[in-house]
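Printed here is upload_0.tsv (TSV, N, CA and C atoms):
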```
chain	number	residue	atom	x	y	z
A	63	MET	N	5.66	-9.90	-14.06
A	63	MET	CA	6.36	-10.35	-12.88
A	63	MET	C	5.32	-10.81	-11.86
A	64	PRO	N	5.51	-11.99	-11.30
A	64	PRO	CA	4.57	-12.45	-10.27
A	64	PRO	C	4.72	-11.62	-9.00
A	65	TYR	N	3.67	-11.64	-8.21
A	65	TYR	CA	3.72	-10.90	-6.94
A	65	TYR	C	3.51	-11.87	-5.79
A	66	ASP	N	3.87	-11.45	-4.61
A	66	ASP	CA	3.83	-12.26	-3.40
A	66	ASP	C	2.37	-12.46	-2.96
A	67	GLU	N	1.82	-13.61	-3.30
A	67	GLU	CA	0.42	-13.93	-2.96
A	67	GLU	C	0.21	-14.01	-1.45
A	68	GLU	N	1.22	-14.48	-0.73
A	68	GLU	CA	1.10	-14.58	0.73
A	68	GLU	C	0.95	-13.18	1.34
A	69	LEU	N	1.74	-12.23	0.85
A	69	LEU	CA	1.63	-10.86	1.34
A	69	LEU	C	0.25	-10.29	1.00
A	70	ALA	N	-0.23	-10.57	-0.21
A	70	ALA	CA	-1.57	-10.11	-0.59
A	70	ALA	C	-2.63	-10.69	0.34
A	71	ASP	N	-2.50	-11.96	0.71
A	71	ASP	CA	-3.46	-12.58	1.64
A	71	ASP	C	-3.38	-11.94	3.03
A	72	ARG	N	-2.18	-11.59	3.46
A	72	ARG	CA	-2.03	-10.92	4.75
A	72	ARG	C	-2.71	-9.55	4.74
A	73	ILE	N	-2.62	-8.85	3.60
A	73	ILE	CA	-3.28	-7.55	3.48
A	73	ILE	C	-4.79	-7.74	3.48
A	74	ARG	N	-5.27	-8.73	2.74
A	74	ARG	CA	-6.71	-9.02	2.72
A	74	ARG	C	-7.23	-9.24	4.15
A	75	LYS	N	-6.48	-9.99	4.92
A	75	LYS	CA	-6.87	-10.26	6.30
A	75	LYS	C	-6.89	-8.96	7.12
A	76	ALA	N	-5.88	-8.12	6.93
A	76	ALA	CA	-5.82	-6.85	7.67
A	76	ALA	C	-6.98	-5.93	7.31
A	77	LEU	N	-7.48	-6.04	6.08
A	77	LEU	CA	-8.56	-5.18	5.62
A	77	LEU	C	-9.94	-5.84	5.69
A	78	SER	N	-10.00	-7.05	6.19
A	78	SER	CA	-11.23	-7.86	6.10
A	78	SER	C	-12.45	-7.23	6.76
A	79	ARG	N	-12.27	-6.42	7.76
A	79	ARG	CA	-13.41	-5.82	8.46
A	79	ARG	C	-13.73	-4.42	7.97
A	80	ARG	N	-13.06	-3.99	6.94
A	80	ARG	CA	-13.26	-2.64	6.41
A	80	ARG	C	-14.28	-2.66	5.29
A	81	ARG	N	-15.02	-1.57	5.17
A	81	ARG	CA	-16.00	-1.44	4.08
A	81	ARG	C	-15.39	-0.69	2.91
A	82	GLY	N	-15.94	-0.92	1.74
A	82	GLY	CA	-15.53	-0.18	0.55
A	82	GLY	C	-14.24	-0.65	-0.08
A	83	ILE	N	-13.75	-1.85	0.29
A	83	ILE	CA	-12.49	-2.37	-0.23
A	83	ILE	C	-12.74	-3.17	-1.50
A	84	THR	N	-11.98	-2.86	-2.54
A	84	THR	CA	-11.99	-3.66	-3.77
A	84	THR	C	-10.55	-3.92	-4.16
A	85	GLU	N	-10.36	-4.91	-5.00
A	85	GLU	CA	-9.03	-5.24	-5.51
A	85	GLU	C	-8.97	-4.96	-6.99
A	86	LYS	N	-7.79	-4.55	-7.43
A	86	LYS	CA	-7.58	-4.25	-8.83
A	86	LYS	C	-6.15	-4.65	-9.20
A	87	LYS	N	-5.99	-5.25	-10.35
A	87	LYS	CA	-4.65	-5.59	-10.83
A	87	LYS	C	-3.97	-4.30	-11.30
A	88	MET	N	-2.81	-4.00	-10.71
A	88	MET	CA	-2.04	-2.80	-11.07
A	88	MET	C	-0.57	-3.05	-10.79
A	89	PHE	N	0.29	-2.34	-11.47
A	89	PHE	CA	1.72	-2.36	-11.23
A	89	PHE	C	2.30	-3.78	-11.26
A	90	GLY	N	1.71	-4.66	-12.04
A	90	GLY	CA	2.19	-6.04	-12.11
A	90	GLY	C	1.84	-6.84	-10.87
A	91	GLY	N	0.92	-6.34	-10.09
A	91	GLY	CA	0.52	-7.02	-8.85
A	91	GLY	C	-0.94	-6.77	-8.58
A	92	VAL	N	-1.25	-6.60	-7.32
A	92	VAL	CA	-2.62	-6.36	-6.90
A	92	VAL	C	-2.63	-5.11	-6.02
A	93	THR	N	-3.69	-4.31	-6.19
A	93	THR	CA	-3.85	-3.09	-5.42
A	93	THR	C	-5.19	-3.15	-4.70
A	94	PHE	N	-5.21	-2.66	-3.48
A	94	PHE	CA	-6.43	-2.61	-2.68
A	94	PHE	C	-6.92	-1.18	-2.67
A	95	MET	N	-8.17	-1.02	-3.08
A	95	MET	CA	-8.78	0.29	-3.23
A	95	MET	C	-9.79	0.51	-2.10
A	96	VAL	N	-9.90	1.77	-1.67
A	96	VAL	CA	-10.89	2.16	-0.68
A	96	VAL	C	-11.78	3.19	-1.35
A	97	ASN	N	-13.04	2.82	-1.55
A	97	ASN	CA	-13.99	3.70	-2.24
A	97	ASN	C	-13.44	4.22	-3.56
A	98	GLY	N	-12.70	3.35	-4.27
A	98	GLY	CA	-12.16	3.70	-5.57
A	98	GLY	C	-10.79	4.35	-5.56
A	99	ASN	N	-10.22	4.59	-4.39
A	99	ASN	CA	-8.90	5.21	-4.27
A	99	ASN	C	-7.88	4.19	-3.80
A	100	MET	N	-6.70	4.20	-4.43
A	100	MET	CA	-5.65	3.27	-4.05
A	100	MET	C	-5.21	3.51	-2.61
A	101	ALA	N	-5.10	2.42	-1.85
A	101	ALA	CA	-4.60	2.49	-0.47
A	101	ALA	C	-3.24	1.79	-0.36
A	102	CYS	N	-3.19	0.55	-0.84
A	102	CYS	CA	-1.96	-0.23	-0.74
A	102	CYS	C	-2.04	-1.38	-1.73
A	103	GLY	N	-0.96	-2.14	-1.80
A	103	GLY	CA	-0.96	-3.28	-2.69
A	103	GLY	C	0.34	-4.03	-2.62
A	104	VAL	N	0.53	-4.91	-3.58
A	104	VAL	CA	1.74	-5.72	-3.66
A	104	VAL	C	2.25	-5.67	-5.08
A	105	THR	N	3.54	-5.43	-5.21
A	105	THR	CA	4.23	-5.56	-6.49
A	105	THR	C	5.52	-6.33	-6.21
A	106	GLY	N	5.74	-7.40	-6.95
A	106	GLY	CA	6.88	-8.26	-6.65
A	106	GLY	C	6.72	-8.80	-5.24
A	107	ASP	N	7.76	-8.60	-4.41
A	107	ASP	CA	7.68	-9.05	-3.02
A	107	ASP	C	7.55	-7.88	-2.04
A	108	SER	N	7.22	-6.70	-2.57
A	108	SER	CA	7.15	-5.49	-1.74
A	108	SER	C	5.72	-5.00	-1.57
A	109	LEU	N	5.50	-4.35	-0.44
A	109	LEU	CA	4.24	-3.69	-0.15
A	109	LEU	C	4.28	-2.29	-0.77
A	110	VAL	N	3.23	-1.91	-1.46
A	110	VAL	CA	3.08	-0.57	-2.01
A	110	VAL	C	2.08	0.15	-1.12
A	111	VAL	N	2.43	1.36	-0.68
A	111	VAL	CA	1.52	2.11	0.20
A	111	VAL	C	1.39	3.53	-0.31
A	112	ARG	N	0.15	3.96	-0.45
A	112	ARG	CA	-0.11	5.35	-0.82
A	112	ARG	C	-0.20	6.17	0.46
A	113	VAL	N	0.76	7.05	0.65
A	113	VAL	CA	0.84	7.86	1.87
A	113	VAL	C	0.51	9.32	1.61
A	114	GLY	N	0.38	9.70	0.37
A	114	GLY	CA	0.10	11.09	0.01
A	114	GLY	C	1.36	11.94	0.04
A	115	ARG	N	1.29	13.07	-0.62
A	115	ARG	CA	2.45	13.97	-0.68
A	115	ARG	C	2.86	14.46	0.70
A	116	GLU	N	1.86	14.66	1.58
A	116	GLU	CA	2.13	15.19	2.92
A	116	GLU	C	2.90	14.17	3.77
A	117	GLY	N	2.66	12.90	3.56
A	117	GLY	CA	3.31	11.86	4.35
A	117	GLY	C	4.49	11.19	3.69
A	118	TYR	N	4.82	11.65	2.50
A	118	TYR	CA	5.84	11.00	1.67
A	118	TYR	C	7.23	11.04	2.30
A	119	VAL	N	7.71	12.21	2.68
A	119	VAL	CA	9.07	12.34	3.22
A	119	VAL	C	9.19	11.59	4.53
A	120	ALA	N	8.19	11.68	5.38
A	120	ALA	CA	8.22	10.97	6.67
A	120	ALA	C	8.27	9.46	6.44
A	121	ALA	N	7.49	8.97	5.49
A	121	ALA	CA	7.48	7.54	5.21
A	121	ALA	C	8.84	7.07	4.71
A	122	LEU	N	9.45	7.86	3.84
A	122	LEU	CA	10.76	7.48	3.29
A	122	LEU	C	11.85	7.44	4.35
A	123	SER	N	11.65	8.12	5.46
A	123	SER	CA	12.66	8.12	6.52
A	123	SER	C	12.58	6.85	7.38
A	124	GLU	N	11.56	6.05	7.18
A	124	GLU	CA	11.39	4.83	7.97
A	124	GLU	C	12.22	3.68	7.39
A	125	PRO	N	12.64	2.75	8.26
A	125	PRO	CA	13.44	1.62	7.79
A	125	PRO	C	12.70	0.79	6.74
A	126	ASN	N	13.44	0.27	5.79
A	126	ASN	CA	12.93	-0.63	4.76
A	126	ASN	C	11.93	0.01	3.82
A	127	CYS	N	11.94	1.33	3.72
A	127	CYS	CA	11.01	2.06	2.87
A	127	CYS	C	11.80	2.80	1.80
A	128	ARG	N	11.26	2.82	0.58
A	128	ARG	CA	11.93	3.50	-0.52
A	128	ARG	C	10.92	4.06	-1.51
A	129	GLU	N	11.43	4.87	-2.43
A	129	GLU	CA	10.57	5.46	-3.46
A	129	GLU	C	9.98	4.37	-4.34
A	130	PHE	N	8.79	4.63	-4.84
A	130	PHE	CA	8.15	3.74	-5.81
A	130	PHE	C	8.42	4.31	-7.18
A	131	ASP	N	9.27	3.63	-7.91
A	131	ASP	CA	9.75	4.14	-9.19
A	131	ASP	C	9.67	3.03	-10.24
A	132	LEU	N	8.72	3.13	-11.15
A	132	LEU	CA	8.57	2.15	-12.23
A	132	LEU	C	9.20	2.61	-13.53
A	133	THR	N	9.33	3.92	-13.70
A	133	THR	CA	9.70	4.47	-15.00
A	133	THR	C	10.92	5.38	-14.98
A	134	GLY	N	11.61	5.47	-13.85
A	134	GLY	CA	12.70	6.42	-13.73
A	134	GLY	C	12.26	7.72	-13.09
A	135	ARG	N	10.97	7.85	-12.83
A	135	ARG	CA	10.41	9.02	-12.16
A	135	ARG	C	9.57	8.52	-10.99
A	136	PRO	N	10.04	8.73	-9.76
A	136	PRO	CA	9.30	8.24	-8.60
A	136	PRO	C	7.89	8.82	-8.54
A	137	LEU	N	6.95	8.01	-8.10
A	137	LEU	CA	5.58	8.46	-7.90
A	137	LEU	C	5.50	9.09	-6.52
A	138	LYS	N	5.46	10.39	-6.46
A	138	LYS	CA	5.40	11.10	-5.18
A	138	LYS	C	4.11	10.75	-4.48
A	139	GLY	N	4.22	10.40	-3.22
A	139	GLY	CA	3.04	10.04	-2.44
A	139	GLY	C	2.81	8.55	-2.33
A	140	ILE	N	3.63	7.75	-3.03
A	140	ILE	CA	3.52	6.30	-2.96
A	140	ILE	C	4.90	5.75	-2.64
A	141	VAL	N	4.97	4.81	-1.69
A	141	VAL	CA	6.25	4.22	-1.29
A	141	VAL	C	6.19	2.70	-1.40
A	142	LEU	N	7.38	2.11	-1.46
A	142	LEU	CA	7.53	0.66	-1.39
A	142	LEU	C	8.12	0.31	-0.05
A	143	VAL	N	7.59	-0.71	0.58
A	143	VAL	CA	8.14	-1.21	1.83
A	143	VAL	C	8.70	-2.60	1.52
A	144	ASP	N	9.99	-2.75	1.75
A	144	ASP	CA	10.64	-4.04	1.49
A	144	ASP	C	10.12	-5.12	2.43
A	145	PRO	N	10.26	-6.39	2.06
A	145	PRO	CA	9.74	-7.48	2.89
A	145	PRO	C	10.18	-7.41	4.36
A	146	ALA	N	11.39	-6.98	4.62
A	146	ALA	CA	11.87	-6.89	6.01
A	146	ALA	C	11.06	-5.89	6.83
A	147	GLY	N	10.39	-4.96	6.18
A	147	GLY	CA	9.61	-3.96	6.88
A	147	GLY	C	8.20	-4.40	7.26
A	148	VAL	N	7.80	-5.58	6.79
A	148	VAL	CA	6.44	-6.06	7.08
A	148	VAL	C	6.43	-7.51	7.56
A	149	THR	N	7.53	-7.94	8.18
A	149	THR	CA	7.58	-9.33	8.65
A	149	THR	C	6.63	-9.56	9.82
A	150	SER	N	6.51	-8.59	10.71
A	150	SER	CA	5.61	-8.79	11.84
A	150	SER	C	4.19	-8.34	11.47
A	151	PRO	N	3.19	-8.99	12.05
A	151	PRO	CA	1.81	-8.58	11.78
A	151	PRO	C	1.56	-7.11	12.15
A	152	GLY	N	2.17	-6.65	13.22
A	152	GLY	CA	1.97	-5.26	13.65
A	152	GLY	C	2.54	-4.27	12.65
A	153	ASP	N	3.71	-4.57	12.11
A	153	ASP	CA	4.30	-3.67	11.11
A	153	ASP	C	3.44	-3.62	9.86
A	154	LEU	N	2.97	-4.78	9.40
A	154	LEU	CA	2.11	-4.80	8.22
A	154	LEU	C	0.82	-4.01	8.48
A	155	ARG	N	0.19	-4.27	9.61
A	155	ARG	CA	-1.06	-3.55	9.94
A	155	ARG	C	-0.84	-2.05	9.96
A	156	ALA	N	0.28	-1.60	10.52
A	156	ALA	CA	0.55	-0.16	10.61
A	156	ALA	C	0.66	0.45	9.22
A	157	TRP	N	1.36	-0.20	8.30
A	157	TRP	CA	1.49	0.33	6.94
A	157	TRP	C	0.16	0.29	6.20
A	158	VAL	N	-0.56	-0.83	6.34
A	158	VAL	CA	-1.86	-0.94	5.66
A	158	VAL	C	-2.81	0.12	6.19
A	159	GLU	N	-2.81	0.34	7.49
A	159	GLU	CA	-3.67	1.36	8.10
A	159	GLU	C	-3.29	2.75	7.58
A	160	ARG	N	-2.03	3.00	7.40
A	160	ARG	CA	-1.58	4.29	6.87
A	160	ARG	C	-2.15	4.53	5.48
A	161	GLY	N	-2.06	3.51	4.62
A	161	GLY	CA	-2.63	3.63	3.27
A	161	GLY	C	-4.13	3.74	3.30
A	162	TYR	N	-4.76	2.97	4.16
A	162	TYR	CA	-6.22	2.99	4.28
A	162	TYR	C	-6.70	4.38	4.71
A	163	ARG	N	-6.07	4.94	5.73
A	163	ARG	CA	-6.48	6.27	6.22
A	163	ARG	C	-6.31	7.32	5.12
A	164	TYR	N	-5.21	7.24	4.37
A	164	TYR	CA	-5.02	8.23	3.31
A	164	TYR	C	-6.11	8.08	2.25
A	165	ALA	N	-6.34	6.86	1.80
A	165	ALA	CA	-7.36	6.65	0.76
A	165	ALA	C	-8.74	7.08	1.22
A	166	ARG	N	-9.06	6.85	2.49
A	166	ARG	CA	-10.36	7.26	3.04
A	166	ARG	C	-10.50	8.78	3.08
A	167	SER	N	-9.38	9.50	3.13
A	167	SER	CA	-9.43	10.96	3.21
A	167	SER	C	-9.77	11.61	1.86
A	168	LEU	N	-9.74	10.81	0.80
A	168	LEU	CA	-9.98	11.32	-0.55
A	168	LEU	C	-11.46	11.20	-0.91
A	169	PRO	N	-11.92	12.04	-1.83
A	169	PRO	CA	-13.32	11.92	-2.29
A	169	PRO	C	-13.55	10.55	-2.93
A	170	GLU	N	-14.73	10.01	-2.70
A	170	GLU	CA	-15.10	8.72	-3.27
A	170	GLU	C	-15.13	8.83	-4.80
A	171	LYS	N	-14.70	7.77	-5.46
A	171	LYS	CA	-14.75	7.74	-6.93
A	171	LYS	C	-15.91	6.90	-7.39
```

Rewrite the coordinates I just gave you, this time as structure tokens.
Amino acid sequence: MPYDEELADRIRKALSRRRGITEKKMFGGVTFMVNGNMACGVTGDSLVVRVGREGYVAALSEPNCREFDLTGRPLKGIVLVDPAGVTSPGDLRAWVERGYRYARSLPEK
């Protein structure tokens, strides 16, 4: 399944001044890694954000956010944000920053 290249470019721009960022093809899209840990990415037309188990329930309570489920079993700690949730630059930056902060909190790989 193709992924939203425009959304991926917007994420690249949001992360452009950060160190330790790499890209990896995952989940049929692209994922942005921070020191080897997944932070966020794009699958289809949705933003994927790793929020961790501690931030999972709070993230799911936000508008346009849902479980990330590829196999019938949701990945706890990772959410999908529908396109309507990242239309503004500020909304996208806030979600990307959330994923970035979580990935930075993990040991480097």

Within region 96-149 of chain A, find each residue whose DSSP state, derived from the backbone, is helix (DSSP H, G or I), and express the selection as a list in words.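 For region 96-149 of chain A, the helix (DSSP H, G or I) set is Gly114, Arg115, Glu116, Gly117, Tyr118, Val119, Ala120, Ala121, Leu122, Pro145, Ala146, Gly147 and Val148 of chain A.
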
Listing only residues of region 87-155 of chain A within 6.5 Å of region 160-168 of chain A, what is the closest atom pair and its distance in Å (to one decimal) for each, using only N, CA and C atoms, sorted by chain and residue number ascending, as JSON lines?
```
{"residue": "A:Val96", "atom": "C", "partner": "A:Ala165", "partner_atom": "C", "distance": 5.6}
{"residue": "A:Asn99", "atom": "C", "partner": "A:Ala165", "partner_atom": "CA", "distance": 5.2}
{"residue": "A:Met100", "atom": "C", "partner": "A:Ala165", "partner_atom": "CA", "distance": 5.1}
{"residue": "A:Ala101", "atom": "CA", "partner": "A:Gly161", "partner_atom": "C", "distance": 4.0}
{"residue": "A:Cys102", "atom": "N", "partner": "A:Gly161", "partner_atom": "CA", "distance": 5.2}
{"residue": "A:Val111", "atom": "CA", "partner": "A:Gly161", "partner_atom": "CA", "distance": 5.4}
{"residue": "A:Arg112", "atom": "C", "partner": "A:Gly161", "partner_atom": "CA", "distance": 4.5}
{"residue": "A:Val113", "atom": "N", "partner": "A:Gly161", "partner_atom": "CA", "distance": 5.5}
{"residue": "A:Gly114", "atom": "N", "partner": "A:Tyr164", "partner_atom": "CA", "distance": 6.3}
{"residue": "A:Arg155", "atom": "C", "partner": "A:Arg160", "partner_atom": "N", "distance": 5.8}
```

Could you take the residues named above and write them with N, CA and C atoms, as a PDB file, in the frame of the given file?
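The new file result-v7.pdb reads:
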```
ATOM      1  N   VAL A  96      -9.900   1.770  -1.670  1.00  0.00           N
ATOM      2  CA  VAL A  96     -10.890   2.160  -0.680  1.00  0.00           C
ATOM      3  C   VAL A  96     -11.780   3.190  -1.350  1.00  0.00           C
ATOM      4  N   ASN A  99     -10.220   4.590  -4.390  1.00  0.00           N
ATOM      5  CA  ASN A  99      -8.900   5.210  -4.270  1.00  0.00           C
ATOM      6  C   ASN A  99      -7.880   4.190  -3.800  1.00  0.00           C
ATOM      7  N   MET A 100      -6.700   4.200  -4.430  1.00  0.00           N
ATOM      8  CA  MET A 100      -5.650   3.270  -4.050  1.00  0.00           C
ATOM      9  C   MET A 100      -5.210   3.510  -2.610  1.00  0.00           C
ATOM     10  N   ALA A 101      -5.100   2.420  -1.850  1.00  0.00           N
ATOM     11  CA  ALA A 101      -4.600   2.490  -0.470  1.00  0.00           C
ATOM     12  C   ALA A 101      -3.240   1.790  -0.360  1.00  0.00           C
ATOM     13  N   CYS A 102      -3.190   0.550  -0.840  1.00  0.00           N
ATOM     14  CA  CYS A 102      -1.960  -0.230  -0.740  1.00  0.00           C
ATOM     15  C   CYS A 102      -2.040  -1.380  -1.730  1.00  0.00           C
ATOM     16  N   VAL A 111       2.430   1.360  -0.680  1.00  0.00           N
ATOM     17  CA  VAL A 111       1.520   2.110   0.200  1.00  0.00           C
ATOM     18  C   VAL A 111       1.390   3.530  -0.310  1.00  0.00           C
ATOM     19  N   ARG A 112       0.150   3.960  -0.450  1.00  0.00           N
ATOM     20  CA  ARG A 112      -0.110   5.350  -0.820  1.00  0.00           C
ATOM     21  C   ARG A 112      -0.200   6.170   0.460  1.00  0.00           C
ATOM     22  N   VAL A 113       0.760   7.050   0.650  1.00  0.00           N
ATOM     23  CA  VAL A 113       0.840   7.860   1.870  1.00  0.00           C
ATOM     24  C   VAL A 113       0.510   9.320   1.610  1.00  0.00           C
ATOM     25  N   GLY A 114       0.380   9.700   0.370  1.00  0.00           N
ATOM     26  CA  GLY A 114       0.100  11.090   0.010  1.00  0.00           C
ATOM     27  C   GLY A 114       1.360  11.940   0.040  1.00  0.00           C
ATOM     28  N   ARG A 155       0.190  -4.270   9.610  1.00  0.00           N
ATOM     29  CA  ARG A 155      -1.060  -3.550   9.940  1.00  0.00           C
ATOM     30  C   ARG A 155      -0.840  -2.050   9.960  1.00  0.00           C
TER      31      ARG A 155
END
```

Return the padded bounding box of region 136-155 of chain A as lines of an AutoDock Vina configuration file: axis-aligned, built from all atoms listed in the file, 3 Å added on each side, with centre and edge lengths in Å to one decimal.
```
center_x = 5.4
center_y = 0.8
center_z = 1.9
size_x = 18.9
size_y = 26.7
size_z = 29.4
```

I'd like the contact shell of region 142-150 of chain A - 8 Å cut-off, all atoms listed in the file, skipping same-chain residues fewer than 3 positions apart - returned as a ChimeraX atom specification. /A:107-112,122,125-131,139,153-157

Nearest candidate to Leu77 (chain A) (options A:Lys171, A:Gly103, A:Val141, A:Val158; using all atoms listed in the file): A:Val158

Nearest residue to Gly91 (chain A) from the set A:Glu124, A:Asp66, A:Glu170, A:Glu116 (distances using only C-alpha atoms):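 Result for the nearest residue to Gly91 (chain A): A:Asp66.
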
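The space separating atom C of Leu132 (chain A) from CA of Phe89 (chain A) comes to 9.3 Å.
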
Using all atoms listed in the file, pick whichever of A:Ile140, A:Val119, A:Asp71, A:Gly90 has the shortest atom-to-atom distance to Gly106 (chain A).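 Distance minimum relative to Gly106 (chain A) lands on A:Gly90.
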
I need the residue nearest Glu159 (chain A) from this list: A:Thr133, A:Gly98, A:Ala76, A:Gly117. Use only N, CA and C atoms for the distance.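 For Glu159 (chain A), the nearest of the candidates is A:Ala76.
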
Among region 125-154 of chain A, which ones does DSSP place in strand (DSSP E or B), written as an MDAnalysis selection string? chainID A and resid 127:129 140:143

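If you look at CA of Pro64 (chain A) and atom C of Val104 (chain A), they are 8.8 Å away from each other.
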
What's the separation between atom N of Thr93 (chain A) and atom N of Ala120 (chain A), in Å to one decimal place?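 Calculated distance between atom N of Thr93 (chain A) and atom N of Ala120 (chain A) is 23.0 Å.
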